[in-house]
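Some notes on the structure that comes next.
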Amino acid sequence: MFDSAALIARVPQLAGRRVLVVGDVILDEYLYGRAERMSREAPVPVLEFTSRDLIPGGAANPAANVARLDSSPTQIGVVGTDNFAGMLRSALQQRGIDPSGLISDPDRPTTTKTRVMAQMGLRFPQQVARLDHIDRRPISADVEAQITQQIARCTPGMHALIVSDYLSGLLTDQVVAAALASGRAHNVLLTADAQGQLGKYGGFDLVKCNAEEASAYLRRPLDRDDAFAAAGLEIVRTLGLRGAMVITRGSDGLTLAEANSIVTHIRAPHIEDVFDTVGAGDTTLAVLTLALTAGAGYPEAAALANFAAGLVVRKVGNYAPTADELRWAIETWNWPH
């Protein structure tokens with residue numbers, strides 16, 4: 001379906017793009033320990049602490065993917081005034097993400113997901129518990145005004161604006177409208193991961209969701225290529241998308257429905273060592289966005305994104321692939337048919 005050499009030639013062009021990322025930022029905290037014995041207090045393992053990782057998650061994960069491919073992301077989001085806020089800012093800066101668009105809200109915690117990981121002799125640690133610090137209420141009117149001001153300030157000079165909705169209160173109708181207006185005013189590509197909230201993103205260039213979210217939005221089951229094609233085209237028309245709708249389908253790849261009514265089903269590469277699907281959707285959106293700003297057509301951009309997502313599912317937790325890894329995947333994996 002696609003020429004591998006052409007895709008490989010496109011990879012270096014993903015670098016040097018300027019991308020504004022707006023959405024619900026999360027700090028993913030991983031606490032690792034060795035499982036030494038069972039507790040006498042409850043039927044749980046006792047872990048002896050070995051290490052801690054702090055990784056930008058949520059809407060910060062598309063930004064991390066953009067940075068990893070040698071482009072320049074700026075992050076807009078809301079954090080609290082707690083210690084986790086400083087940790088998240090530091091984690092963003094360490095990964096080449098500009099955190100200057102973050103707004104501090106003393107009435108909210110910094111959204112943090114703490115995972116306790118047990119090393120029990122397997123290849124990867126196993127998650128045994130997760131504790132979330134989160135406030136899902138919509139942001140206040142004051143914070144909303146600050147966010148819209150940041151969008152207006154940061155959009156000029158960008159190649160693209162990504163909206164990443166993790167359903168944690170930031171992306172109100174007003175914030176989404178501000179992103180749409182600012183993107184249109186400055187001729188910026190507008191892409192969104194809707195997380196099922198598809199109705200909010202009318203008029204964008206590209207919107208992505210997964211198969212379950214598309215099925216729930218349309219209130220009907222989707223189980224075959226023709227059903228996904230019809231679903232994608234219906235969503236394109238309903239939302240008035242200017243470019244395309246992408247429905248990711250796990251091991252079945254993705255369905256791309258363009259505003260010109262052309263539908264392409266792009267199969268996932270054959271991958272045997274799948275360990276974790278977390279973050280694959282963020283990578284898909286980031287690579288789609290970068291490829292489109294670099295001049296790729298929608299099918300070519302989607303093919304690149306499919307390979308990039310394949311790299312992510314071979315890792316545990318959020319992972320952002322490099323350009324070298326993406327080239328390797330295109331050269332090595334069986335071409336999806």
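Every chain in the structure tokens has a letter given in the order shown (A, B, ...), and although residue numbers restart at 1 in each chain, ligands are simply numbered from 1 in the order shown.
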
* To do: Find the spatial neighbours of A:Ala160, counting only C-alpha atoms, within a cut-off of 12 Å - ignore same-chain residues fewer than 3 positions away - and output them as a PyMOL selection string.
  => chain A and resi 16-22+63+66+71-74+154-157+163+179-180+182-184+186-192+204-206+285-294

* Residues of stretch 77-216 of chain A in helix (DSSP H, G or I) according to DSSP, as a PyMOL selection string? -> chain A and resi 83-94+141-154+173-185+198-201+211-216

* Write out as a list in words each polymer residue whose atoms come within 9 Å of A:Arg95, counting only C-alpha atoms; drop sequence neighbours fewer than 6 positions from it. =>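 Selected residues are Pro56, Ala64, Ala67 and Arg68 of chain A.
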
* Going by DSSP on the backbone, which bits of stretch 111-335 of chain A are strand (DSSP E or B)? Write them as a count of residues only, please. => 45

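Contact shell of A:Tyr217 at 12 Å (only C-alpha atoms; same-chain neighbours under 2 positions omitted): Ala194, Gln195, Gly196, Gln197, Leu198, Gly199, Lys200, Cys209, Asn210, Ala211, Glu212, Glu213, Ala214, Ser215, Arg219, Arg220, Pro221, Leu222, Ala231, Gly232, Glu234, Ile235, Thr238, Leu239 and Ile247 of chain A.
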
Export, as a PDB file, in the first residue's frame, the selected residues with C-alpha atoms.
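So selection24.pdb came out as:
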ATOM      1  CA  ALA A 194     -11.288  13.460  21.827  1.00  0.00           C
ATOM      2  CA  GLN A 195     -11.357  10.540  24.320  1.00  0.00           C
ATOM      3  CA  GLY A 196     -14.955  10.014  23.275  1.00  0.00           C
ATOM      4  CA  GLN A 197     -15.998  13.667  23.668  1.00  0.00           C
ATOM      5  CA  LEU A 198     -16.260  14.014  19.904  1.00  0.00           C
ATOM      6  CA  GLY A 199     -18.970  16.650  19.815  1.00  0.00           C
ATOM      7  CA  LYS A 200     -16.627  19.282  21.246  1.00  0.00           C
ATOM      8  CA  CYS A 209     -10.636   8.335  18.943  1.00  0.00           C
ATOM      9  CA  ASN A 210     -10.541   4.599  19.516  1.00  0.00           C
ATOM     10  CA  ALA A 211     -13.053   1.994  18.351  1.00  0.00           C
ATOM     11  CA  GLU A 212     -14.957   1.809  21.648  1.00  0.00           C
ATOM     12  CA  GLU A 213     -15.319   5.589  21.805  1.00  0.00           C
ATOM     13  CA  ALA A 214     -16.574   5.782  18.209  1.00  0.00           C
ATOM     14  CA  SER A 215     -19.074   3.007  18.898  1.00  0.00           C
ATOM     15  CA  ARG A 219     -24.553   4.240  19.627  1.00  0.00           C
ATOM     16  CA  ARG A 220     -24.003   1.194  17.463  1.00  0.00           C
ATOM     17  CA  PRO A 221     -21.508  -1.685  17.321  1.00  0.00           C
ATOM     18  CA  LEU A 222     -18.547  -1.472  14.965  1.00  0.00           C
ATOM     19  CA  ALA A 231     -18.636   5.459  11.087  1.00  0.00           C
ATOM     20  CA  GLY A 232     -15.604   7.526  10.145  1.00  0.00           C
ATOM     21  CA  GLU A 234     -20.441   9.959   9.449  1.00  0.00           C
ATOM     22  CA  ILE A 235     -18.284  11.563  12.153  1.00  0.00           C
ATOM     23  CA  THR A 238     -21.293  15.492  11.685  1.00  0.00           C
ATOM     24  CA  LEU A 239     -18.309  17.404  13.056  1.00  0.00           C
ATOM     25  CA  ILE A 247     -10.437   5.582  14.504  1.00  0.00           C
TER      26      ILE A 247
END

* Counting only C-alpha atoms, which of A:Leu131, A:Leu102, A:Leu31, A:Ala185 gets nearest to A:Gln146? ->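 Nearest candidate to A:Gln146 out of A:Leu131, A:Leu102, A:Leu31, A:Ala185: A:Leu102.
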
* **Contacts of A:Tyr166 within 8 Å, only C-alpha atoms, excl. fewer than 6 positions in-chain, as a PyMOL selection string** => chain A and resi 23-24+58-59+195
